Amino acid sequence: MAQKIFIFDTTLRDGEQVPGCKLNKKEKIELALELEALGVDILEAGFPISSPGDFDAVHEIATLLKKTVVCGLSRAVQKDIEVAAAALKPAARKRIHTGIGTSDFHIKAKFNSTREEILVRAVQAVKWARNFTDDVEFYAEDAGRTDNDYLARVVEAVIKAGATTVNIPDTTGYCLPYQYGDKIAYLINNVPNIDKAVLSCHCHNDLGLATANSIAGVIAGARQIECTINGLGERAGNTSLEEVVMIIKQHGHLGFYTDINAKELNPMSRKVSDTMRMPVQPNKAIVGANAFSHSSGIHQDGFLKDTTTYEIIAPEEVGADSSKIVLTARSGRSALAYRFKNLGHEFNRNDIDALYEEFLKLADTQKEVHDEDLERMAKAYAVKALVS
């Protein structure tokens, strides 16, 4: 049977850390309700101790959401954890997400500490969190660059202390997919109590590998992916929710599924983009404006004969507008005939050959040929035919 991959959405926490994407309380609540409707399993609503406004937003979201687990982030600090617990108190289902850096980079430069001291702090943080909820997630920050033997010790210790989910972040986006997958596999094979917790992937996109690393992680045994709408997040962003969801859906042979309503992916993308004032790049997978557009003559010809030649996802599957045939200087005769037909002009092959020459002259002078350009061409061609 297919195994469920839990989708942990951090658009409202990690995604909001993008410069210019700060949300007010009303905006956070609106997006939280939309994300619950989308089907996310866990919603990281914010970092309650960071500001009174974030505390209030997390508290209100915890009050409103009924199906989705509401999660609050904290450092491995008692006050952080207590404030997160207070913000989450009204939640029907709540999770405290606490943790600490485990790589030597963090231990030495950030904490001026030792591996043993960090291990003690990690365990203590989980125990504090367990005073408030049975659902505790521990993050080993910079796990991507953490020595695997030491990471396994930390994971075993925090599970023993009561962590039910353990987050293995590639915080700097450093890992290659095989390295990240091997890290997850190493933990599964070397942590004796690993069966008592869910391993989670939290990958950053500094080298453009966040999605690939997350998929490598679940193939290796992780069962939760932490992601954001449109891949928003610190620096180059986080794993893109829409990408991992559709990879899992398209590759059924992997034996995984999610509870995300894929038909709402494009509407959700637009909602987040508008609310957070962050445009989506046109060539963004799944939700970009050009994701289902075709402008090359070779591609257009194949697509018009059979859409599956160049589209592995139908736009309606992800709530996108219909596929588009875009006319440029690289387009061919079949695309031109198709667009003319859509405008109500039935031209034979000889007509299209003649019109194509005029089309190319125009296409070489502008980036795209639009419907109004085609109408002018059709009218001029009709006049020319009458005169001749």
# chains A, B, ... in the order shown; residues from 1 in each chain; ligands from 1
call {"tool": "residues_around", "arguments": {"residues": "A:Tyr186", "least_positions_apart": "2", "cutoff": "10 Å", "atoms": "only C-alpha atoms", "output": "MDAnalysis selection string"}}
result
chainID A and resid 148:149 151:152 180:184 188:191 220:221
call {"tool": "write_last_selection", "arguments": {"atoms": "C-alpha atoms", "output": "CSV table (one decimal), in the first residue's frame"}}
result
chain,number,residue,atom,x,y,z
A,148,ASN,CA,26.5,11.4,10.7
A,149,ASP,CA,27.7,9.5,13.8
A,151,LEU,CA,23.8,13.3,14.4
A,152,ALA,CA,22.6,9.7,15.1
A,180,TYR,CA,21.0,13.8,1.8
A,181,GLY,CA,19.4,10.5,1.0
A,182,ASP,CA,22.4,8.6,2.4
A,183,LYS,CA,22.1,10.7,5.6
A,184,ILE,CA,18.4,9.8,6.1
A,188,ILE,CA,17.2,4.8,9.8
A,189,ASN,CA,19.9,2.1,10.0
A,190,ASN,CA,21.9,3.4,13.0
A,191,VAL,CA,19.4,4.9,15.4
A,220,ALA,CA,15.4,6.9,1.8
A,221,GLY,CA,12.8,6.7,4.5
call {"tool": "residues_around", "arguments": {"residues": "A:Ser273", "least_positions_apart": "6", "cutoff": "10 Å", "atoms": "only C-alpha atoms", "output": "PyMOL selection string"}}
result
chain A and resi 21+229-230+232+267+279-280
call {"tool": "residues_around", "arguments": {"residues": "A:Lys4", "least_positions_apart": "3", "cutoff": "10 Å", "atoms": "only C-alpha atoms", "output": "ChimeraX atom specification"}}
result
/A:1,7,223-224,255-259
call {"tool": "write_last_selection", "arguments": {"atoms": "all heavy atoms", "output": "PDB file, in the first residue's frame"}}
result
ATOM      1  N   MET A   1       0.834  -1.200   0.000  1.00  0.00           N
ATOM      2  CA  MET A   1       0.000   0.000   0.000  1.00  0.00           C
ATOM      3  C   MET A   1       0.868   1.249   0.000  1.00  0.00           C
ATOM      4  O   MET A   1       1.957   1.273   0.564  1.00  0.00           O
ATOM      5  CB  MET A   1      -0.913   0.001   1.235  1.00  0.00           C
ATOM      6  CG  MET A   1      -1.986  -1.088   1.237  1.00  0.00           C
ATOM      7  SD  MET A   1      -3.016  -1.002   2.719  1.00  0.00           S
ATOM      8  CE  MET A   1      -3.795   0.582   2.494  1.00  0.00           C
ATOM      9  N   ILE A   7       2.783  16.628   4.811  1.00  0.00           N
ATOM     10  CA  ILE A   7       3.210  17.929   4.291  1.00  0.00           C
ATOM     11  C   ILE A   7       3.151  18.955   5.424  1.00  0.00           C
ATOM     12  O   ILE A   7       2.089  19.266   5.972  1.00  0.00           O
ATOM     13  CB  ILE A   7       2.332  18.376   3.111  1.00  0.00           C
ATOM     14  CG1 ILE A   7       2.490  17.397   1.931  1.00  0.00           C
ATOM     15  CG2 ILE A   7       2.693  19.794   2.684  1.00  0.00           C
ATOM     16  CD1 ILE A   7       3.892  17.308   1.363  1.00  0.00           C
ATOM     17  N   ARG A 223       9.362  10.612   6.173  1.00  0.00           N
ATOM     18  CA  ARG A 223       7.928  10.583   5.881  1.00  0.00           C
ATOM     19  C   ARG A 223       7.252  11.935   6.068  1.00  0.00           C
ATOM     20  O   ARG A 223       6.037  12.020   6.088  1.00  0.00           O
ATOM     21  CB  ARG A 223       7.238   9.506   6.739  1.00  0.00           C
ATOM     22  CG  ARG A 223       7.614   8.081   6.333  1.00  0.00           C
ATOM     23  CD  ARG A 223       7.134   7.762   4.935  1.00  0.00           C
ATOM     24  NE  ARG A 223       7.548   6.446   4.449  1.00  0.00           N
ATOM     25  CZ  ARG A 223       8.613   6.236   3.682  1.00  0.00           C
ATOM     26  NH1 ARG A 223       9.385   7.256   3.315  1.00  0.00           N
ATOM     27  NH2 ARG A 223       8.908   5.026   3.262  1.00  0.00           N
ATOM     28  N   GLN A 224       8.050  12.982   6.196  1.00  0.00           N
ATOM     29  CA  GLN A 224       7.503  14.335   6.254  1.00  0.00           C
ATOM     30  C   GLN A 224       8.397  15.246   5.435  1.00  0.00           C
ATOM     31  O   GLN A 224       9.621  15.113   5.461  1.00  0.00           O
ATOM     32  CB  GLN A 224       7.434  14.837   7.700  1.00  0.00           C
ATOM     33  CG  GLN A 224       6.923  16.271   7.831  1.00  0.00           C
ATOM     34  CD  GLN A 224       6.761  16.707   9.268  1.00  0.00           C
ATOM     35  OE1 GLN A 224       5.848  16.251   9.960  1.00  0.00           O
ATOM     36  NE2 GLN A 224       7.648  17.586   9.734  1.00  0.00           N
ATOM     37  N   GLY A 255       5.335   4.788  -4.514  1.00  0.00           N
ATOM     38  CA  GLY A 255       4.515   4.247  -3.436  1.00  0.00           C
ATOM     39  C   GLY A 255       4.166   5.251  -2.353  1.00  0.00           C
ATOM     40  O   GLY A 255       3.959   4.878  -1.199  1.00  0.00           O
ATOM     41  N   PHE A 256       4.070   6.557  -2.721  1.00  0.00           N
ATOM     42  CA  PHE A 256       3.742   7.600  -1.754  1.00  0.00           C
ATOM     43  C   PHE A 256       2.506   8.378  -2.200  1.00  0.00           C
ATOM     44  O   PHE A 256       2.144   8.368  -3.373  1.00  0.00           O
ATOM     45  CB  PHE A 256       4.905   8.591  -1.600  1.00  0.00           C
ATOM     46  CG  PHE A 256       6.220   7.972  -1.238  1.00  0.00           C
ATOM     47  CD1 PHE A 256       7.380   8.299  -1.933  1.00  0.00           C
ATOM     48  CD2 PHE A 256       6.315   7.051  -0.206  1.00  0.00           C
ATOM     49  CE1 PHE A 256       8.604   7.746  -1.601  1.00  0.00           C
ATOM     50  CE2 PHE A 256       7.535   6.478   0.139  1.00  0.00           C
ATOM     51  CZ  PHE A 256       8.684   6.828  -0.567  1.00  0.00           C
ATOM     52  N   TYR A 257       1.893   9.060  -1.256  1.00  0.00           N
ATOM     53  CA  TYR A 257       0.807   9.977  -1.587  1.00  0.00           C
ATOM     54  C   TYR A 257       0.777  11.095  -0.542  1.00  0.00           C
ATOM     55  O   TYR A 257       1.369  10.985   0.543  1.00  0.00           O
ATOM     56  CB  TYR A 257      -0.544   9.261  -1.639  1.00  0.00           C
ATOM     57  CG  TYR A 257      -1.094   8.852  -0.291  1.00  0.00           C
ATOM     58  CD1 TYR A 257      -1.995   9.667   0.395  1.00  0.00           C
ATOM     59  CD2 TYR A 257      -0.720   7.650   0.311  1.00  0.00           C
ATOM     60  CE1 TYR A 257      -2.502   9.311   1.637  1.00  0.00           C
ATOM     61  CE2 TYR A 257      -1.216   7.275   1.544  1.00  0.00           C
ATOM     62  CZ  TYR A 257      -2.110   8.097   2.211  1.00  0.00           C
ATOM     63  OH  TYR A 257      -2.603   7.748   3.445  1.00  0.00           O
ATOM     64  N   THR A 258       0.098  12.191  -0.886  1.00  0.00           N
ATOM     65  CA  THR A 258      -0.144  13.273   0.069  1.00  0.00           C
ATOM     66  C   THR A 258      -1.642  13.558   0.071  1.00  0.00           C
ATOM     67  O   THR A 258      -2.379  13.092  -0.797  1.00  0.00           O
ATOM     68  CB  THR A 258       0.606  14.572  -0.302  1.00  0.00           C
ATOM     69  OG1 THR A 258      -0.054  15.192  -1.416  1.00  0.00           O
ATOM     70  CG2 THR A 258       2.070  14.290  -0.649  1.00  0.00           C
ATOM     71  N   ASP A 259      -2.079  14.343   1.035  1.00  0.00           N
ATOM     72  CA  ASP A 259      -3.499  14.720   1.110  1.00  0.00           C
ATOM     73  C   ASP A 259      -3.762  16.105   0.523  1.00  0.00           C
ATOM     74  O   ASP A 259      -4.824  16.691   0.747  1.00  0.00           O
ATOM     75  CB  ASP A 259      -3.972  14.691   2.569  1.00  0.00           C
ATOM     76  CG  ASP A 259      -4.170  13.271   3.084  1.00  0.00           C
ATOM     77  OD1 ASP A 259      -4.325  12.351   2.252  1.00  0.00           O
ATOM     78  OD2 ASP A 259      -4.151  13.083   4.318  1.00  0.00           O
TER      79      ASP A 259
END
call {"tool": "residues_around", "arguments": {"residues": "A:Phe303", "least_positions_apart": "3", "cutoff": "12 Å", "atoms": "only C-alpha atoms", "output": "list in words"}}
result
Phe292, Ser293, His294, Ser295, Ser296, Gly297, Ile298, His299, Gln300, Asp306, Thr307, Thr308, Thr309, Tyr310, Glu311, Ile312, Ala314, Ser323, Lys324, Ile325, Ser334, Ala335 and Tyr338 of chain A
call {"tool": "write_last_selection", "arguments": {"atoms": "N, CA and C atoms", "output": "PDB file, in the first residue's frame"}}
result
ATOM      1  N   PHE A 292       2.758  26.030 -18.661  1.00  0.00           N
ATOM      2  CA  PHE A 292       1.989  25.297 -19.672  1.00  0.00           C
ATOM      3  C   PHE A 292       1.902  26.079 -20.976  1.00  0.00           C
ATOM      4  N   SER A 293       2.966  26.828 -21.273  1.00  0.00           N
ATOM      5  CA  SER A 293       3.035  27.602 -22.513  1.00  0.00           C
ATOM      6  C   SER A 293       4.038  26.976 -23.466  1.00  0.00           C
ATOM      7  N   HIS A 294       3.747  27.054 -24.764  1.00  0.00           N
ATOM      8  CA  HIS A 294       4.611  26.460 -25.787  1.00  0.00           C
ATOM      9  C   HIS A 294       4.869  27.489 -26.881  1.00  0.00           C
ATOM     10  N   SER A 295       6.151  27.768 -27.167  1.00  0.00           N
ATOM     11  CA  SER A 295       6.461  28.770 -28.189  1.00  0.00           C
ATOM     12  C   SER A 295       7.380  28.247 -29.290  1.00  0.00           C
ATOM     13  N   SER A 296       8.075  27.147 -29.059  1.00  0.00           N
ATOM     14  CA  SER A 296       8.936  26.571 -30.090  1.00  0.00           C
ATOM     15  C   SER A 296       8.102  25.816 -31.112  1.00  0.00           C
ATOM     16  N   GLY A 297       8.415  26.024 -32.387  1.00  0.00           N
ATOM     17  CA  GLY A 297       7.646  25.374 -33.446  1.00  0.00           C
ATOM     18  C   GLY A 297       7.613  23.859 -33.316  1.00  0.00           C
ATOM     19  N   ILE A 298       8.750  23.252 -33.005  1.00  0.00           N
ATOM     20  CA  ILE A 298       8.809  21.791 -32.860  1.00  0.00           C
ATOM     21  C   ILE A 298       7.912  21.331 -31.722  1.00  0.00           C
ATOM     22  N   HIS A 299       7.991  22.036 -30.586  1.00  0.00           N
ATOM     23  CA  HIS A 299       7.148  21.688 -29.442  1.00  0.00           C
ATOM     24  C   HIS A 299       5.676  21.895 -29.768  1.00  0.00           C
ATOM     25  N   GLN A 300       5.365  23.007 -30.402  1.00  0.00           N
ATOM     26  CA  GLN A 300       3.971  23.312 -30.706  1.00  0.00           C
ATOM     27  C   GLN A 300       3.357  22.270 -31.622  1.00  0.00           C
ATOM     28  N   ASP A 306      -0.599  15.745 -30.028  1.00  0.00           N
ATOM     29  CA  ASP A 306      -0.887  14.974 -28.812  1.00  0.00           C
ATOM     30  C   ASP A 306      -0.264  15.731 -27.647  1.00  0.00           C
ATOM     31  N   THR A 307      -1.079  16.220 -26.739  1.00  0.00           N
ATOM     32  CA  THR A 307      -0.581  17.056 -25.639  1.00  0.00           C
ATOM     33  C   THR A 307       0.488  16.359 -24.805  1.00  0.00           C
ATOM     34  N   THR A 308       0.416  15.029 -24.720  1.00  0.00           N
ATOM     35  CA  THR A 308       1.375  14.315 -23.863  1.00  0.00           C
ATOM     36  C   THR A 308       2.791  14.293 -24.429  1.00  0.00           C
ATOM     37  N   THR A 309       2.961  14.760 -25.672  1.00  0.00           N
ATOM     38  CA  THR A 309       4.325  14.815 -26.203  1.00  0.00           C
ATOM     39  C   THR A 309       5.180  15.812 -25.436  1.00  0.00           C
ATOM     40  N   TYR A 310       4.547  16.866 -24.906  1.00  0.00           N
ATOM     41  CA  TYR A 310       5.315  17.894 -24.200  1.00  0.00           C
ATOM     42  C   TYR A 310       4.720  18.315 -22.860  1.00  0.00           C
ATOM     43  N   GLU A 311       3.636  17.691 -22.423  1.00  0.00           N
ATOM     44  CA  GLU A 311       3.083  18.007 -21.110  1.00  0.00           C
ATOM     45  C   GLU A 311       2.850  16.728 -20.323  1.00  0.00           C
ATOM     46  N   ILE A 312       3.515  16.614 -19.167  1.00  0.00           N
ATOM     47  CA  ILE A 312       3.297  15.426 -18.326  1.00  0.00           C
ATOM     48  C   ILE A 312       2.203  15.676 -17.289  1.00  0.00           C
ATOM     49  N   ALA A 314      -1.556  17.800 -16.951  1.00  0.00           N
ATOM     50  CA  ALA A 314      -2.584  18.633 -17.579  1.00  0.00           C
ATOM     51  C   ALA A 314      -2.808  19.851 -16.684  1.00  0.00           C
ATOM     52  N   SER A 323      -3.541  25.285 -21.443  1.00  0.00           N
ATOM     53  CA  SER A 323      -2.241  25.398 -22.111  1.00  0.00           C
ATOM     54  C   SER A 323      -2.292  26.506 -23.163  1.00  0.00           C
ATOM     55  N   LYS A 324      -1.140  27.115 -23.402  1.00  0.00           N
ATOM     56  CA  LYS A 324      -1.090  28.245 -24.323  1.00  0.00           C
ATOM     57  C   LYS A 324      -0.106  27.984 -25.470  1.00  0.00           C
ATOM     58  N   ILE A 325      -0.538  28.332 -26.667  1.00  0.00           N
ATOM     59  CA  ILE A 325       0.347  28.343 -27.822  1.00  0.00           C
ATOM     60  C   ILE A 325       0.762  29.803 -28.033  1.00  0.00           C
ATOM     61  N   SER A 334       2.026  25.193 -38.026  1.00  0.00           N
ATOM     62  CA  SER A 334       0.891  24.534 -37.365  1.00  0.00           C
ATOM     63  C   SER A 334       0.357  25.383 -36.217  1.00  0.00           C
ATOM     64  N   ALA A 335       1.252  26.031 -35.480  1.00  0.00           N
ATOM     65  CA  ALA A 335       0.823  26.895 -34.378  1.00  0.00           C
ATOM     66  C   ALA A 335       0.088  28.115 -34.913  1.00  0.00           C
ATOM     67  N   TYR A 338      -3.334  27.079 -35.990  1.00  0.00           N
ATOM     68  CA  TYR A 338      -4.136  26.813 -34.790  1.00  0.00           C
ATOM     69  C   TYR A 338      -4.684  28.112 -34.201  1.00  0.00           C
TER      70      TYR A 338
END
call {"tool": "closest_atom_pairs", "arguments": {"of": "stretch 219-325 of chain A", "to": "stretch 29-43 of chain A", "cutoff": "8 Å", "atoms": "only C-alpha atoms", "output": "CSV"}}
result
residue,atom,partner,partner_atom,distance
A:Asp259,CA,A:Gly39,CA,5.6
A:Ile260,CA,A:Gly39,CA,4.5
A:Asn261,CA,A:Leu38,CA,5.5
A:Ala262,CA,A:Leu38,CA,8.0
A:Glu264,CA,A:Leu38,CA,6.4
A:Leu265,CA,A:Leu38,CA,7.8
A:Met268,CA,A:Glu34,CA,7.4
A:Lys271,CA,A:Leu31,CA,7.9
A:Val272,CA,A:Leu31,CA,7.3
call {"tool": "write_last_selection", "arguments": {"atoms": "C-alpha atoms", "output": "PDB file, in the first residue's frame"}}
result
ATOM      1  CA  ASP A 259      -3.499  14.720   1.110  1.00  0.00           C
ATOM      2  CA  ILE A 260      -2.962  17.956  -0.825  1.00  0.00           C
ATOM      3  CA  ASN A 261      -5.760  19.009  -3.189  1.00  0.00           C
ATOM      4  CA  ALA A 262      -3.630  19.506  -6.295  1.00  0.00           C
ATOM      5  CA  GLU A 264      -5.890  24.264  -5.651  1.00  0.00           C
ATOM      6  CA  LEU A 265      -2.128  24.616  -6.179  1.00  0.00           C
ATOM      7  CA  MET A 268      -2.982  29.014  -3.674  1.00  0.00           C
ATOM      8  CA  LYS A 271      -3.005  33.993  -3.260  1.00  0.00           C
ATOM      9  CA  VAL A 272       0.391  33.731  -1.549  1.00  0.00           C
TER      10      VAL A 272
END
call {"tool": "select_by_dssp", "arguments": {"residues": "stretch 53-85 of chain A", "states": "alpha helix (DSSP H)", "output": "tab-separated table (two decimals) with all heavy atoms, in the first residue's frame"}}
result
chain	number	residue	atom	x	y	z
A	53	GLY	N	3.15	40.58	17.95
A	53	GLY	CA	2.26	40.39	16.81
A	53	GLY	C	2.25	38.95	16.32
A	53	GLY	O	1.20	38.42	15.97
A	54	ASP	N	3.44	38.32	16.29
A	54	ASP	CA	3.49	36.94	15.85
A	54	ASP	C	2.83	36.02	16.88
A	54	ASP	O	2.15	35.05	16.51
A	54	ASP	CB	4.94	36.51	15.60
A	54	ASP	CG	5.05	35.47	14.48
A	54	ASP	OD1	4.31	35.62	13.48
A	54	ASP	OD2	5.85	34.54	14.60
A	55	PHE	N	3.02	36.30	18.14
A	55	PHE	CA	2.34	35.53	19.19
A	55	PHE	C	0.83	35.59	18.97
A	55	PHE	O	0.14	34.55	18.99
A	55	PHE	CB	2.69	36.09	20.58
A	55	PHE	CG	2.00	35.36	21.71
A	55	PHE	CD1	2.64	34.34	22.39
A	55	PHE	CD2	0.70	35.70	22.09
A	55	PHE	CE1	1.99	33.66	23.43
A	55	PHE	CE2	0.04	35.03	23.11
A	55	PHE	CZ	0.70	34.01	23.79
A	56	ASP	N	0.29	36.78	18.78
A	56	ASP	CA	-1.16	36.94	18.59
A	56	ASP	C	-1.65	36.18	17.35
A	56	ASP	O	-2.71	35.55	17.38
A	56	ASP	CB	-1.52	38.42	18.46
A	56	ASP	CG	-1.38	39.17	19.77
A	56	ASP	OD1	-1.31	38.52	20.83
A	56	ASP	OD2	-1.33	40.42	19.72
A	57	ALA	N	-0.87	36.26	16.26
A	57	ALA	CA	-1.28	35.59	15.03
A	57	ALA	C	-1.30	34.07	15.22
A	57	ALA	O	-2.25	33.40	14.80
A	57	ALA	CB	-0.33	35.96	13.90
A	58	VAL	N	-0.25	33.54	15.86
A	58	VAL	CA	-0.20	32.10	16.10
A	58	VAL	C	-1.36	31.68	17.01
A	58	VAL	O	-2.02	30.66	16.79
A	58	VAL	CB	1.16	31.69	16.73
A	58	VAL	CG1	1.13	30.22	17.14
A	58	VAL	CG2	2.30	31.94	15.75
A	59	HIS	N	-1.65	32.47	18.03
A	59	HIS	CA	-2.73	32.17	18.97
A	59	HIS	C	-4.08	32.14	18.25
A	59	HIS	O	-4.91	31.24	18.47
A	59	HIS	CB	-2.75	33.21	20.09
A	59	HIS	CG	-3.67	32.87	21.22
A	59	HIS	ND1	-5.00	33.26	21.25
A	59	HIS	CD2	-3.45	32.16	22.37
A	59	HIS	CE1	-5.57	32.83	22.35
A	59	HIS	NE2	-4.64	32.15	23.06
A	60	GLU	N	-4.31	33.12	17.36
A	60	GLU	CA	-5.57	33.18	16.63
A	60	GLU	C	-5.70	32.01	15.65
A	60	GLU	O	-6.77	31.41	15.51
A	60	GLU	CB	-5.68	34.51	15.89
A	60	GLU	CG	-7.02	34.76	15.22
A	60	GLU	CD	-8.16	34.93	16.22
A	60	GLU	OE1	-7.90	35.23	17.40
A	60	GLU	OE2	-9.33	34.77	15.80
A	61	ILE	N	-4.61	31.69	14.97
A	61	ILE	CA	-4.62	30.55	14.04
A	61	ILE	C	-4.88	29.26	14.81
A	61	ILE	O	-5.65	28.39	14.36
A	61	ILE	CB	-3.28	30.48	13.27
A	61	ILE	CG1	-3.19	31.65	12.29
A	61	ILE	CG2	-3.14	29.15	12.53
A	61	ILE	CD1	-1.81	31.85	11.69
A	62	ALA	N	-4.27	29.14	16.00
A	62	ALA	CA	-4.49	27.95	16.83
A	62	ALA	C	-5.96	27.84	17.24
A	62	ALA	O	-6.50	26.73	17.37
A	62	ALA	CB	-3.61	28.02	18.07
A	63	THR	N	-6.62	28.97	17.40
A	63	THR	CA	-8.04	28.98	17.77
A	63	THR	C	-8.92	28.54	16.61
A	63	THR	O	-9.93	27.84	16.79
A	63	THR	CB	-8.45	30.40	18.22
A	63	THR	OG1	-7.63	30.80	19.31
A	63	THR	CG2	-9.91	30.44	18.65
A	64	LEU	N	-8.55	28.94	15.38
A	64	LEU	CA	-9.41	28.76	14.22
A	64	LEU	C	-9.27	27.41	13.52
A	64	LEU	O	-10.26	26.85	13.04
A	64	LEU	CB	-9.16	29.88	13.22
A	64	LEU	CG	-9.57	31.29	13.67
A	64	LEU	CD1	-9.09	32.32	12.67
A	64	LEU	CD2	-11.08	31.37	13.82
A	78	GLN	N	14.10	27.66	27.42
A	78	GLN	CA	12.88	27.39	28.17
A	78	GLN	C	11.82	28.46	27.94
A	78	GLN	O	10.64	28.13	27.72
A	78	GLN	CB	13.20	27.28	29.66
A	78	GLN	CG	11.99	26.85	30.50
A	78	GLN	CD	12.36	26.54	31.94
A	78	GLN	OE1	13.49	26.75	32.37
A	78	GLN	NE2	11.39	26.03	32.69
A	79	LYS	N	12.21	29.73	27.97
A	79	LYS	CA	11.23	30.81	27.77
A	79	LYS	C	10.59	30.73	26.39
A	79	LYS	O	9.37	30.91	26.25
A	79	LYS	CB	11.93	32.17	27.94
A	79	LYS	CG	10.99	33.37	27.81
A	79	LYS	CD	9.98	33.42	28.92
A	79	LYS	CE	9.16	34.70	28.86
A	79	LYS	NZ	8.09	34.73	29.89
A	80	ASP	N	11.39	30.46	25.35
A	80	ASP	CA	10.85	30.29	23.99
A	80	ASP	C	9.75	29.23	23.97
A	80	ASP	O	8.68	29.42	23.38
A	80	ASP	CB	11.95	29.82	23.03
A	80	ASP	CG	12.79	30.95	22.47
A	80	ASP	OD1	13.04	31.90	23.21
A	80	ASP	OD2	13.19	30.84	21.31
A	81	ILE	N	10.05	28.11	24.60
A	81	ILE	CA	9.14	26.96	24.58
A	81	ILE	C	7.86	27.29	25.35
A	81	ILE	O	6.75	26.95	24.91
A	81	ILE	CB	9.85	25.72	25.14
A	81	ILE	CG1	10.97	25.30	24.17
A	81	ILE	CG2	8.87	24.57	25.37
A	81	ILE	CD1	11.95	24.29	24.73
A	82	GLU	N	7.98	27.96	26.47
A	82	GLU	CA	6.81	28.34	27.26
A	82	GLU	C	5.92	29.31	26.50
A	82	GLU	O	4.68	29.19	26.52
A	82	GLU	CB	7.26	28.96	28.58
A	82	GLU	CG	7.90	27.97	29.54
A	82	GLU	CD	8.55	28.62	30.76
A	82	GLU	OE1	8.66	29.87	30.78
A	82	GLU	OE2	8.93	27.87	31.68
A	83	VAL	N	6.53	30.27	25.80
A	83	VAL	CA	5.76	31.23	25.02
A	83	VAL	C	5.07	30.54	23.83
A	83	VAL	O	3.91	30.82	23.52
A	83	VAL	CB	6.66	32.39	24.54
A	83	VAL	CG1	5.93	33.27	23.52
A	83	VAL	CG2	7.12	33.22	25.73
A	84	ALA	N	5.78	29.62	23.17
A	84	ALA	CA	5.18	28.86	22.07
A	84	ALA	C	3.98	28.06	22.59
A	84	ALA	O	2.92	28.01	21.94
A	84	ALA	CB	6.21	27.93	21.44
A	85	ALA	N	4.13	27.44	23.75
A	85	ALA	CA	3.05	26.65	24.33
A	85	ALA	C	1.83	27.53	24.63
A	85	ALA	O	0.68	27.13	24.39
A	85	ALA	CB	3.53	25.95	25.59
call {"tool": "residues_around", "arguments": {"residues": "A:Ala163", "least_positions_apart": "5", "cutoff": "12 Å", "atoms": "only C-alpha atoms", "output": "PyMOL selection string"}}
result
chain A and resi 95-99+122-131+133-140+154-158+193-199
